[in-house]
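Heads up, model23.csv below (CSV, C-alpha atoms and all ligand atoms):
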```csv
chain,number,residue,atom,x,y,z
A,1,MET,CA,3.4,26.1,11.1
A,2,THR,CA,1.3,23.9,8.8
A,3,VAL,CA,2.8,21.7,6.1
A,4,SER,CA,1.0,20.1,3.2
A,5,VAL,CA,1.3,16.4,2.7
A,6,PHE,CA,0.3,14.2,-0.3
A,7,ILE,CA,0.2,10.5,0.3
A,8,ASP,CA,0.5,8.8,-3.1
A,9,GLY,CA,-1.1,5.4,-2.7
A,10,ALA,CA,-3.3,6.6,0.1
A,11,GLU,CA,-5.9,3.9,-0.3
A,12,GLY,CA,-3.3,1.1,0.1
A,13,THR,CA,-2.4,-0.7,3.3
A,14,THR,CA,0.5,1.5,4.3
A,15,GLY,CA,-1.2,4.7,3.0
A,16,LEU,CA,-4.3,4.2,5.1
A,17,GLU,CA,-2.2,3.6,8.2
A,18,ILE,CA,-0.3,6.8,7.6
A,19,ARG,CA,-3.6,8.7,7.3
A,20,GLU,CA,-4.8,7.3,10.6
A,21,ARG,CA,-1.6,8.6,12.3
A,22,LEU,CA,-1.9,12.0,10.7
A,23,ALA,CA,-5.6,12.4,11.3
A,24,GLY,CA,-6.7,15.4,13.4
A,25,ARG,CA,-3.3,17.1,13.4
A,26,ASP,CA,-3.5,20.8,12.9
A,27,ASP,CA,0.2,21.1,11.8
A,28,ILE,CA,-0.5,19.0,8.7
A,29,ALA,CA,-2.9,19.6,5.8
A,30,ILE,CA,-3.5,16.5,3.7
A,31,ILE,CA,-3.8,16.9,0.0
A,32,GLN,CA,-6.3,14.2,-1.0
A,33,LEU,CA,-7.4,13.1,-4.5
A,34,ASP,CA,-11.0,11.9,-5.2
A,35,GLU,CA,-11.3,8.2,-5.6
A,36,ALA,CA,-11.7,8.5,-9.4
A,37,LEU,CA,-8.5,10.5,-9.7
A,38,ARG,CA,-6.1,8.7,-7.4
A,39,LYS,CA,-4.3,7.0,-10.3
A,40,ASP,CA,-4.8,9.9,-12.8
A,41,ILE,CA,-1.4,11.1,-13.8
A,42,THR,CA,-2.4,14.7,-14.3
A,43,ALA,CA,-4.0,14.9,-10.9
A,44,ARG,CA,-1.1,13.1,-9.2
A,45,THR,CA,1.5,15.3,-10.9
A,46,GLN,CA,-0.3,18.4,-9.7
A,47,ALA,CA,-0.5,17.0,-6.1
A,48,LEU,CA,3.1,15.8,-6.2
A,49,ASN,CA,4.3,19.3,-7.0
A,50,ASP,CA,1.9,21.2,-4.8
A,51,ALA,CA,2.8,19.4,-1.6
A,52,ASP,CA,5.6,20.3,0.8
A,53,PHE,CA,6.0,16.6,1.6
A,54,VAL,CA,5.1,13.6,-0.5
A,55,ILE,CA,4.9,10.1,1.1
A,56,LEU,CA,5.0,7.3,-1.5
A,57,CYS,CA,3.1,4.2,-0.6
A,58,LEU,CA,3.3,2.6,-4.0
A,59,PRO,CA,4.8,-0.5,-5.7
A,60,ASP,CA,8.5,0.1,-6.5
A,61,ASP,CA,8.1,1.0,-10.2
A,62,ALA,CA,5.2,3.4,-9.5
A,63,ALA,CA,7.4,5.0,-6.7
A,64,ARG,CA,10.2,5.6,-9.2
A,65,ASP,CA,7.7,7.1,-11.7
A,66,ALA,CA,6.3,9.4,-9.1
A,67,VAL,CA,9.7,10.8,-8.1
A,68,ALA,CA,10.3,11.5,-11.8
A,69,LEU,CA,7.0,13.6,-11.9
A,70,ILE,CA,8.3,16.0,-9.3
A,71,ALA,CA,9.6,19.0,-11.2
A,72,ASN,CA,10.4,21.5,-8.4
A,73,ASP,CA,13.1,21.8,-5.8
A,74,ARG,CA,10.8,22.4,-2.9
A,75,THR,CA,8.8,19.2,-2.5
A,76,ARG,CA,10.5,16.7,-0.2
A,77,VAL,CA,9.9,12.9,-0.5
A,78,ILE,CA,9.6,10.0,1.9
A,79,ASP,CA,9.4,6.7,-0.1
A,80,ALA,CA,7.9,3.8,1.8
A,81,SER,CA,8.7,1.4,-1.0
A,82,SER,CA,12.0,-0.5,-1.6
A,83,ALA,CA,12.8,1.5,-4.7
A,84,HIS,CA,15.5,3.8,-3.2
A,85,ARG,CA,16.9,2.1,-0.1
A,86,VAL,CA,20.3,1.6,-1.5
A,87,THR,CA,20.2,4.4,-4.0
A,88,GLU,CA,22.9,7.1,-4.1
A,89,GLY,CA,21.5,10.5,-3.2
A,90,TRP,CA,18.8,9.1,-0.9
A,91,THR,CA,19.0,9.3,2.9
A,92,TYR,CA,18.2,6.2,4.8
A,93,GLY,CA,15.2,7.0,7.0
A,94,PHE,CA,16.2,5.1,10.1
A,95,PRO,CA,16.9,8.0,12.6
A,96,GLU,CA,18.2,5.7,15.4
A,97,LEU,CA,20.6,3.7,13.2
A,98,GLU,CA,23.7,5.8,13.4
A,99,PRO,CA,24.8,8.9,15.4
A,100,GLY,CA,23.9,11.9,13.2
A,101,GLN,CA,21.3,10.0,11.1
A,102,GLN,CA,18.4,11.9,12.5
A,103,ALA,CA,20.1,15.2,11.7
A,104,MET,CA,20.7,14.0,8.1
A,105,ILE,CA,17.0,13.1,7.7
A,106,ALA,CA,16.0,16.5,9.1
A,107,GLU,CA,17.9,18.2,6.2
A,108,ALA,CA,17.2,15.7,3.4
A,109,LYS,CA,15.1,16.2,0.3
A,110,ARG,CA,14.8,12.5,-0.5
A,111,VAL,CA,14.3,9.9,2.3
A,112,SER,CA,13.8,6.2,1.9
A,113,ASN,CA,12.0,4.4,4.7
A,114,PRO,CA,13.7,1.2,5.8
A,115,GLY,CA,12.0,-2.2,5.0
A,116,CYS,CA,10.1,-3.9,7.8
A,117,TYR,CA,12.5,-6.9,8.1
A,118,PRO,CA,15.6,-4.7,7.8
A,119,THR,CA,14.3,-2.5,10.6
A,120,GLY,CA,14.5,-5.4,13.0
A,121,PHE,CA,17.7,-6.8,11.6
A,122,LEU,CA,19.6,-3.5,11.5
A,123,ALA,CA,18.5,-2.4,14.9
A,124,LEU,CA,19.9,-5.6,16.4
A,125,VAL,CA,23.1,-5.9,14.4
A,126,ARG,CA,24.4,-2.5,13.5
A,127,PRO,CA,25.4,-1.4,17.0
A,128,LEU,CA,27.2,-4.7,17.6
A,129,VAL,CA,29.1,-4.4,14.3
A,130,ARG,CA,29.9,-0.7,15.0
A,131,ALA,CA,31.3,-1.7,18.4
A,132,GLY,CA,33.5,-4.4,16.8
A,133,LEU,CA,31.7,-7.2,18.7
A,134,VAL,CA,30.4,-8.9,15.5
A,135,PRO,CA,33.1,-9.1,12.8
A,136,VAL,CA,32.2,-7.4,9.5
A,137,GLU,CA,33.1,-10.5,7.6
A,138,TRP,CA,30.9,-12.8,9.7
A,139,PRO,CA,28.2,-14.6,7.6
A,140,LEU,CA,25.1,-13.5,9.4
A,141,SER,CA,21.6,-15.2,9.3
A,142,VAL,CA,18.3,-13.7,9.9
A,143,ASN,CA,15.1,-15.7,10.5
A,144,ALA,CA,11.8,-13.8,10.5
A,145,VAL,CA,8.0,-14.2,10.7
A,146,SER,CA,5.6,-11.5,9.4
A,147,GLY,CA,1.9,-10.9,9.6
A,148,TYR,CA,0.3,-11.2,6.2
A,149,SER,CA,-0.5,-7.4,5.9
A,150,GLY,CA,3.3,-7.2,5.1
A,151,GLY,CA,2.3,-8.3,1.6
A,152,GLY,CA,-0.2,-5.4,1.1
A,153,LYS,CA,-3.7,-5.6,-0.4
A,154,ALA,CA,-3.1,-8.6,-2.6
A,155,MET,CA,-1.8,-10.8,0.2
A,156,ILE,CA,-4.5,-9.6,2.6
A,157,ALA,CA,-7.1,-10.6,0.0
A,158,ASN,CA,-5.5,-14.0,-0.5
A,159,TYR,CA,-5.6,-14.7,3.2
A,160,ARG,CA,-9.1,-13.4,3.8
A,161,ASP,CA,-10.5,-15.1,0.7
A,162,SER,CA,-9.0,-18.5,1.5
A,163,ALA,CA,-11.0,-21.0,3.5
A,164,THR,CA,-7.9,-22.7,4.6
A,165,PRO,CA,-4.9,-20.3,4.7
A,166,PRO,CA,-1.7,-21.9,6.0
A,167,ALA,CA,-1.0,-21.2,9.7
A,168,ALA,CA,2.6,-20.3,8.7
A,169,ARG,CA,4.7,-20.7,5.5
A,170,ALA,CA,8.3,-20.1,4.6
A,171,TYR,CA,9.1,-18.2,1.5
A,172,GLY,CA,12.1,-16.4,-0.2
A,173,LEU,CA,13.5,-19.9,-0.6
A,174,GLY,CA,15.8,-18.8,-3.5
A,175,LEU,CA,17.6,-16.5,-1.0
A,176,ALA,CA,17.2,-13.5,-3.3
A,177,HIS,CA,14.7,-11.4,-1.3
A,178,LYS,CA,14.7,-7.7,-2.2
A,179,HIS,CA,15.7,-6.7,1.4
A,180,VAL,CA,19.0,-8.5,1.4
A,181,ALA,CA,21.0,-5.7,-0.3
A,182,GLU,CA,19.5,-3.1,2.1
A,183,MET,CA,20.4,-5.2,5.1
A,184,GLN,CA,24.0,-5.7,3.9
A,185,LYS,CA,24.6,-2.1,3.0
A,186,HIS,CA,23.2,-0.5,6.1
A,187,ALA,CA,24.7,-3.0,8.6
A,188,ARG,CA,28.0,-2.3,6.8
A,189,ILE,CA,28.9,-6.0,6.6
A,190,GLU,CA,30.9,-7.8,3.9
A,191,HIS,CA,28.4,-10.6,2.9
A,192,PRO,CA,24.7,-10.6,2.2
A,193,PRO,CA,22.9,-12.1,5.2
A,194,LEU,CA,21.2,-15.4,4.8
A,195,PHE,CA,17.6,-14.3,5.1
A,196,ALA,CA,14.9,-16.8,5.9
A,197,PRO,CA,11.4,-15.1,6.0
A,198,SER,CA,8.1,-16.6,6.7
A,199,VAL,CA,4.5,-15.3,6.9
A,200,ALA,CA,2.0,-16.3,9.6
A,201,ASN,CA,-1.8,-16.3,9.6
A,202,THR,CA,-2.1,-13.1,11.6
A,203,TYR,CA,-2.7,-9.6,10.3
A,204,ARG,CA,0.2,-7.6,11.7
A,205,GLY,CA,3.4,-7.9,13.7
A,206,MET,CA,6.8,-9.4,13.2
A,207,ILE,CA,9.5,-11.4,14.9
A,208,VAL,CA,13.0,-10.9,13.4
A,209,GLU,CA,15.7,-13.0,14.9
A,210,VAL,CA,19.5,-13.1,14.4
A,211,PRO,CA,21.2,-16.2,16.0
A,212,LEU,CA,24.8,-15.5,17.0
A,213,PRO,CA,27.6,-17.8,18.2
A,214,LEU,CA,29.2,-15.2,20.5
A,215,HIS,CA,31.7,-17.9,21.6
A,216,ALA,CA,33.2,-18.0,18.1
A,217,PHE,CA,34.0,-14.3,17.8
A,218,SER,CA,37.5,-13.2,18.6
A,219,ARG,CA,36.3,-10.9,21.4
A,220,ARG,CA,33.9,-13.5,22.8
A,221,PRO,CA,31.4,-10.9,24.0
A,222,SER,CA,29.0,-11.9,26.7
A,223,LEU,CA,25.3,-11.7,26.4
A,224,HIS,CA,25.4,-9.0,29.0
A,225,VAL,CA,27.9,-6.9,27.1
A,226,CYS,CA,25.9,-7.2,23.9
A,227,GLU,CA,22.7,-6.1,25.7
A,228,ALA,CA,24.6,-3.1,27.3
A,229,VAL,CA,25.8,-2.0,23.8
A,230,LEU,CA,22.2,-2.1,22.5
A,231,ALA,CA,20.9,-0.3,25.5
A,232,GLU,CA,23.4,2.4,25.1
A,233,ALA,CA,22.8,2.8,21.3
A,234,TYR,CA,19.0,3.4,21.9
A,235,ARG,CA,19.3,5.1,25.3
A,236,ASP,CA,17.5,8.2,24.0
A,237,SER,CA,15.0,6.6,21.7
A,238,PRO,CA,11.3,6.8,22.7
A,239,LEU,CA,10.5,4.0,20.2
A,240,ILE,CA,13.3,1.4,20.6
A,241,HIS,CA,13.4,-0.5,23.9
A,242,ILE,CA,15.4,-3.4,25.3
A,243,GLY,CA,12.9,-6.1,26.3
A,244,ASP,CA,13.0,-8.9,28.9
A,245,ASN,CA,16.0,-11.3,28.3
A,246,ASP,CA,14.4,-13.8,30.7
A,247,ALA,CA,11.3,-14.2,28.5
A,248,LYS,CA,10.3,-17.8,28.0
A,249,THR,CA,8.6,-17.1,24.7
A,250,VAL,CA,8.2,-14.1,22.3
A,251,ALA,CA,4.9,-13.6,20.6
A,252,ILE,CA,4.5,-12.0,17.1
A,253,GLU,CA,1.9,-9.8,18.7
A,254,ALA,CA,4.3,-8.3,21.2
A,255,ASP,CA,4.5,-4.9,19.5
A,256,ALA,CA,1.6,-5.2,17.0
A,257,GLY,CA,-0.7,-2.2,17.0
A,258,SER,CA,2.2,0.1,18.1
A,259,ASP,CA,5.1,2.0,16.6
A,260,ARG,CA,7.6,0.4,19.0
A,261,LEU,CA,10.5,-1.8,18.3
A,262,THR,CA,11.6,-4.1,21.1
A,263,LEU,CA,15.0,-5.9,21.2
A,264,ARG,CA,15.9,-8.9,23.3
A,265,VAL,CA,19.2,-10.6,23.9
A,266,CYS,CA,18.5,-14.2,24.9
A,267,GLY,CA,20.5,-17.4,25.0
A,268,SER,CA,22.9,-19.4,27.1
A,269,VAL,CA,25.6,-17.8,29.2
A,270,ASP,CA,27.2,-21.2,29.5
A,271,THR,CA,27.6,-21.9,25.8
A,272,GLY,CA,27.9,-18.3,24.5
A,273,GLN,CA,25.1,-19.0,22.0
A,274,ALA,CA,22.7,-16.1,21.6
A,275,ARG,CA,19.3,-15.3,20.0
A,276,PHE,CA,18.9,-11.6,19.3
A,277,ILE,CA,15.2,-11.1,18.8
A,278,ALA,CA,13.3,-8.0,17.6
A,279,THR,CA,9.6,-7.5,17.6
A,280,LEU,CA,7.7,-4.7,15.8
A,281,ASP,CA,4.6,-4.0,13.7
A,282,ASN,CA,5.3,-4.3,10.0
A,283,LEU,CA,2.8,-1.5,9.6
A,284,GLY,CA,4.2,0.5,12.6
A,285,LYS,CA,7.9,1.0,12.9
A,286,GLY,CA,8.2,-1.2,9.9
A,287,ALA,CA,6.3,1.2,7.6
A,288,ALA,CA,3.7,3.8,8.5
A,289,GLY,CA,5.1,4.7,11.9
A,290,ALA,CA,8.6,5.1,10.4
A,291,ALA,CA,7.2,7.3,7.6
A,292,VAL,CA,5.4,9.6,10.1
A,293,GLN,CA,8.5,9.7,12.3
A,294,ASN,CA,10.6,10.8,9.3
A,295,LEU,CA,7.9,13.4,8.3
A,296,ASN,CA,8.0,14.8,11.8
A,297,ILE,CA,11.8,15.0,11.8
A,298,MET,CA,11.9,16.6,8.3
A,299,ALA,CA,9.2,19.2,9.2
A,300,GLY,CA,10.8,20.1,12.5
A,301,PHE,CA,7.9,18.7,14.6
A,302,ASP,CA,8.1,16.4,17.7
A,303,PRO,CA,9.6,13.2,16.2
A,304,VAL,CA,7.0,11.0,17.8
A,305,ALA,CA,3.9,13.1,17.2
A,306,GLY,CA,1.0,10.9,16.2
A,307,LEU,CA,2.8,7.7,17.1
A,308,THR,CA,1.9,5.0,19.6
A,309,LEU,CA,4.8,4.5,22.0
B,401,LIG,N1,2.6,-3.6,3.9
B,401,LIG,C1,3.7,-3.5,4.7
B,401,LIG,O1,3.8,-4.0,5.8
B,401,LIG,C2,4.8,-2.7,4.2
B,401,LIG,C3,4.8,-2.1,2.9
B,401,LIG,N2,5.9,-1.4,2.5
B,401,LIG,C4,6.0,-0.9,1.1
B,401,LIG,O2,5.0,0.2,1.0
B,401,LIG,C5,4.5,0.2,-0.4
B,401,LIG,C6,3.0,0.1,-0.3
B,401,LIG,O3,2.8,-1.2,0.2
B,401,LIG,P1,1.3,-1.6,0.7
B,401,LIG,O4,0.6,-0.4,1.2
B,401,LIG,O5,1.5,-2.8,1.5
B,401,LIG,O6,0.7,-2.0,-0.7
B,401,LIG,P2,-0.9,-2.0,-1.2
B,401,LIG,O7,-0.9,-2.9,-2.4
B,401,LIG,O8,-1.7,-2.4,0.0
B,401,LIG,O9,-1.1,-0.5,-1.6
B,401,LIG,C7,-0.5,0.1,-2.8
B,401,LIG,C8,-1.4,1.1,-3.2
B,401,LIG,O10,-0.8,1.8,-4.4
B,401,LIG,C9,-1.8,1.9,-5.3
B,401,LIG,N3,-1.2,2.1,-6.6
B,401,LIG,C10,-0.6,1.1,-7.4
B,401,LIG,N4,0.0,1.6,-8.5
B,401,LIG,C11,-0.4,3.0,-8.5
B,401,LIG,C12,-0.1,4.0,-9.4
B,401,LIG,N5,0.5,3.9,-10.5
B,401,LIG,N6,-0.6,5.3,-9.1
B,401,LIG,C13,-1.3,5.5,-7.9
B,401,LIG,N7,-1.6,4.5,-7.0
B,401,LIG,C14,-1.1,3.2,-7.3
B,401,LIG,C15,-2.7,0.7,-5.2
B,401,LIG,O11,-4.0,0.9,-5.8
B,401,LIG,P3,-5.2,-0.1,-5.7
B,401,LIG,O12,-5.8,0.1,-4.4
B,401,LIG,O13,-6.1,0.2,-6.9
B,401,LIG,O14,-4.5,-1.5,-5.8
B,401,LIG,C16,-2.8,0.6,-3.7
B,401,LIG,O15,-3.8,1.4,-3.2
B,401,LIG,C17,5.2,-1.0,-1.1
B,401,LIG,O16,6.3,-0.5,-1.9
B,401,LIG,C18,5.6,-1.9,0.0
B,401,LIG,O17,6.7,-2.7,-0.4
B,401,LIG,C19,7.0,-1.2,3.3
B,401,LIG,C20,7.0,-1.7,4.5
B,401,LIG,C21,6.0,-2.6,5.0
B,402,LIG,C1,4.9,-10.8,4.3
B,402,LIG,C2,5.5,-10.2,3.1
B,402,LIG,O1,5.3,-10.6,1.9
B,402,LIG,N1,6.3,-9.1,3.3
B,402,LIG,C3,7.0,-8.4,2.2
B,402,LIG,C4,7.8,-7.3,2.8
B,402,LIG,C5,7.0,-6.1,3.2
B,402,LIG,C6,7.8,-4.9,3.3
B,402,LIG,O2,8.7,-4.7,4.1
B,402,LIG,O3,7.7,-4.1,2.3
B,402,LIG,P1,9.0,-3.5,1.7
B,402,LIG,O4,9.5,-4.5,0.8
B,402,LIG,O5,8.6,-2.3,1.0
B,402,LIG,O6,9.9,-3.2,2.8
B,402,LIG,C7,7.9,-9.3,1.4
B,402,LIG,O7,8.5,-10.2,1.9
B,402,LIG,O8,8.1,-8.9,0.2
```
How would this structure read if it were set down as structure tokens?
Amino acid sequence: MTVSVFIDGAEGTTGLEIRERLAGRDDIAIIQLDEALRKDITARTQALNDADFVILCLPDDAARDAVALIANDRTRVIDASSAHRVTEGWTYGFPELEPGQQAMIAEAKRVSNPGCYPTGFLALVRPLVRAGLVPVEWPLSVNAVSGYSGGGKAMIANYRDSATPPAARAYGLGLAHKHVAEMQKHARIEHPPLFAPSVANTYRGMIVEVPLPLHAFSRRPSLHVCEAVLAEAYRDSPLIHIGDNDAKTVAIEADAGSDRLTLRVCGSVDTGQARFIATLDNLGKGAAGAAVQNLNIMAGFDPVAGLTL
């Protein structure tokens, strides 16, 4: 079976990465617009309605507008933007997050890809909350570092055009980052997590860390128990792995250039203080890899076809 796919925003950072992953596949026919027509509303409307699957790699407002241009019941959508991640009627495109999530994605008409930071945060936290080890009312924090491709073409140009780009810089200092609502909703926790992101002078890759005082929780789970819960949650996942908890350091490059997500449970057995650390590629499992995985699931293909494990 061959399905047709239109990537709206195909010349952007995420769009190009998706095209790379789909290149050469004989089960997918890409609908591609000429350079002069890629922002032409008539040409886009036609492509959006001709395709079996549309992958939106656009800014949020443009993604909302694109969905409104689809005037048939057949075309199925995967939105890589943050426009629909907490929107009623959209399925959250994180197949490993909950039992049954992959089956829901397989049937869905409208799927929203998770954000790159939420992918790391939710993968670490959701199984622990579900198991009752982390209380739903606990005020969680998440500290993270991203490569600058996370900011798309504009940020890439800023870094590349600057003679002296900062080695790393904190941002989101007003604590109102657009990913917070998504993290809270899909972790199913009572409070918005305190999210402290930063961006480093490297193209791709991420470290997402959740520090947890396990000793302060009523069930006082050990590091070992938490790691076992994560290992069980992702036992059948070809993309999510449990990494080395004895690591002395964790590099932002650990999963860069792949579609993997690695989770580590580090810390002190003596004090019960833990550092839960995820690494991923913001353009891999954080964006393009996740979009292709969702496309595969929705089309009934091998879920990891075209992905780098
Ligand atoms: N970069 C990342 O790591 C991640 C990105 N995302 C999300 O994916 C989406 C795309 O991000 P990214 O690829 O980084 O962004 P880019 O800015 O690199 O690419 C966006 C593309 O959309 C095009 N575009 C903008 N408006 C329109 C429009 N009205 N019609 C047609 N095309 C349009 C742009 O055109 P032009 O080339 O002319 O500027 C550009 O090619 C965003 O919503 C982002 O938040 C999600 C997870 C991670
Ligand atoms: C380094 C950087 O700027 N990163 C982006 C997030 C990139 C991303 O995840 O895109 P979505 O918002 O679509 O999920 C930011 O913080 O806004």
* If we count all atoms listed in the file, what is near Gly172 of chain A at a cut-off of 7 Å, once residues fewer than 3 positions away on the same chain are taken out, given as a list in words? -> Leu175, Ala176, His177, Ala196 and Pro197 of chain A
Set out as a tab-separated table a contact list for chain A and ligand LIG 402 (chain B) with a cut-off of 8 Å, giving each residue of chain A that qualifies its closest atom pair and distance in Å to one decimal, counting only C-alpha atoms and all ligand atoms, ordered by chain and rising residue number.
```
residue	atom	partner	partner_atom	distance
A:Pro59	CA	B:LIG402	O5	7.9
A:Asp60	CA	B:LIG402	O5	7.9
A:Ala80	CA	B:LIG402	O5	6.2
A:Ser81	CA	B:LIG402	O5	4.2
A:Ser82	CA	B:LIG402	O5	4.6
A:Pro114	CA	B:LIG402	O6	6.5
A:Gly115	CA	B:LIG402	O6	3.2
A:Cys116	CA	B:LIG402	O2	4.0
A:Tyr117	CA	B:LIG402	O2	5.9
A:Pro118	CA	B:LIG402	O6	7.7
A:Val145	CA	B:LIG402	C1	7.9
A:Ser146	CA	B:LIG402	C1	5.2
A:Gly147	CA	B:LIG402	C1	6.1
A:Tyr148	CA	B:LIG402	C1	5.0
A:Ser149	CA	B:LIG402	C1	6.6
A:Gly150	CA	B:LIG402	N1	4.0
A:Gly151	CA	B:LIG402	O1	3.8
A:Gly152	CA	B:LIG402	C5	7.5
A:Met155	CA	B:LIG402	O1	7.3
A:Gly172	CA	B:LIG402	O7	7.5
A:His177	CA	B:LIG402	O7	7.1
A:Lys178	CA	B:LIG402	O4	6.8
A:His179	CA	B:LIG402	O4	6.6
A:Pro197	CA	B:LIG402	O7	7.0
A:Ser198	CA	B:LIG402	C1	7.0
A:Val199	CA	B:LIG402	C1	5.2
A:Asn282	CA	B:LIG402	O2	6.8
A:Gly286	CA	B:LIG402	O2	6.8
A:Ala287	CA	B:LIG402	O2	7.3
```
* **Separation of atom CA of Glu227 of chain A from atom CA of Phe276 of chain A, in Å and rounded to one decimal** =>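 Atom CA of Phe276 of chain A lies at a distance of 9.3 Å from atom CA of Glu227 of chain A.
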* To do: Give me, please, the distance in Å between atom CA of Tyr203 of chain A and atom CA of Val54 of chain A, quoted to one decimal.
  =>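 Spanning atom CA of Tyr203 of chain A to atom CA of Val54 of chain A is a straight-line distance of 26.8 Å.
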* Asked: Any idea what the distance is between atom CA of Asp244 of chain A and atom CA of Ile207 of chain A?
  ->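 Distance between the two atoms: 14.6 Å.
Ranking A:Asp34, A:Asp61, A:Asp52, A:Asp236 by their shortest atom-to-atom distance to Glu96 of chain A, with all atoms listed in the file included, puts A:Asp236 first.
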Might you pull out every residue within 12 Å of Ala83 of chain A, with all atoms listed in the file counted and same-chain residues fewer than 6 positions away left off, and present them as a PDB file with C-alpha atoms, in the coordinates of the input?
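Contents of selection.pdb, as written:
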```
ATOM      1  CA  LEU A  56       5.000   7.300  -1.500  1.00  0.00           C
ATOM      2  CA  CYS A  57       3.100   4.200  -0.600  1.00  0.00           C
ATOM      3  CA  LEU A  58       3.300   2.600  -4.000  1.00  0.00           C
ATOM      4  CA  PRO A  59       4.800  -0.500  -5.700  1.00  0.00           C
ATOM      5  CA  ASP A  60       8.500   0.100  -6.500  1.00  0.00           C
ATOM      6  CA  ASP A  61       8.100   1.000 -10.200  1.00  0.00           C
ATOM      7  CA  ALA A  62       5.200   3.400  -9.500  1.00  0.00           C
ATOM      8  CA  ALA A  63       7.400   5.000  -6.700  1.00  0.00           C
ATOM      9  CA  ARG A  64      10.200   5.600  -9.200  1.00  0.00           C
ATOM     10  CA  ASP A  65       7.700   7.100 -11.700  1.00  0.00           C
ATOM     11  CA  ALA A  66       6.300   9.400  -9.100  1.00  0.00           C
ATOM     12  CA  VAL A  67       9.700  10.800  -8.100  1.00  0.00           C
ATOM     13  CA  TRP A  90      18.800   9.100  -0.900  1.00  0.00           C
ATOM     14  CA  TYR A  92      18.200   6.200   4.800  1.00  0.00           C
ATOM     15  CA  ARG A 110      14.800  12.500  -0.500  1.00  0.00           C
ATOM     16  CA  VAL A 111      14.300   9.900   2.300  1.00  0.00           C
ATOM     17  CA  SER A 112      13.800   6.200   1.900  1.00  0.00           C
ATOM     18  CA  ASN A 113      12.000   4.400   4.700  1.00  0.00           C
ATOM     19  CA  PRO A 114      13.700   1.200   5.800  1.00  0.00           C
ATOM     20  CA  GLY A 115      12.000  -2.200   5.000  1.00  0.00           C
ATOM     21  CA  LYS A 178      14.700  -7.700  -2.200  1.00  0.00           C
ATOM     22  CA  HIS A 179      15.700  -6.700   1.400  1.00  0.00           C
ATOM     23  CA  ALA A 181      21.000  -5.700  -0.300  1.00  0.00           C
ATOM     24  CA  GLU A 182      19.500  -3.100   2.100  1.00  0.00           C
TER      25      GLU A 182
END
```
* For each of A:Gln102, A:Ser222, A:Thr164, A:Asn201, take the minimum atom-to-atom distance to Val265 of chain A, counting all atoms listed in the file, then give the residue where this is smallest. =>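 Closest to Val265 of chain A of all the choices is A:Ser222.
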* Asked: Residues at most 7 Å from segment 229-233 of chain A, counting all atoms listed in the file, excluding those fewer than 3 positions away in the same chain, as a ChimeraX atom specification?
  -> /A:127-128,225-226,242
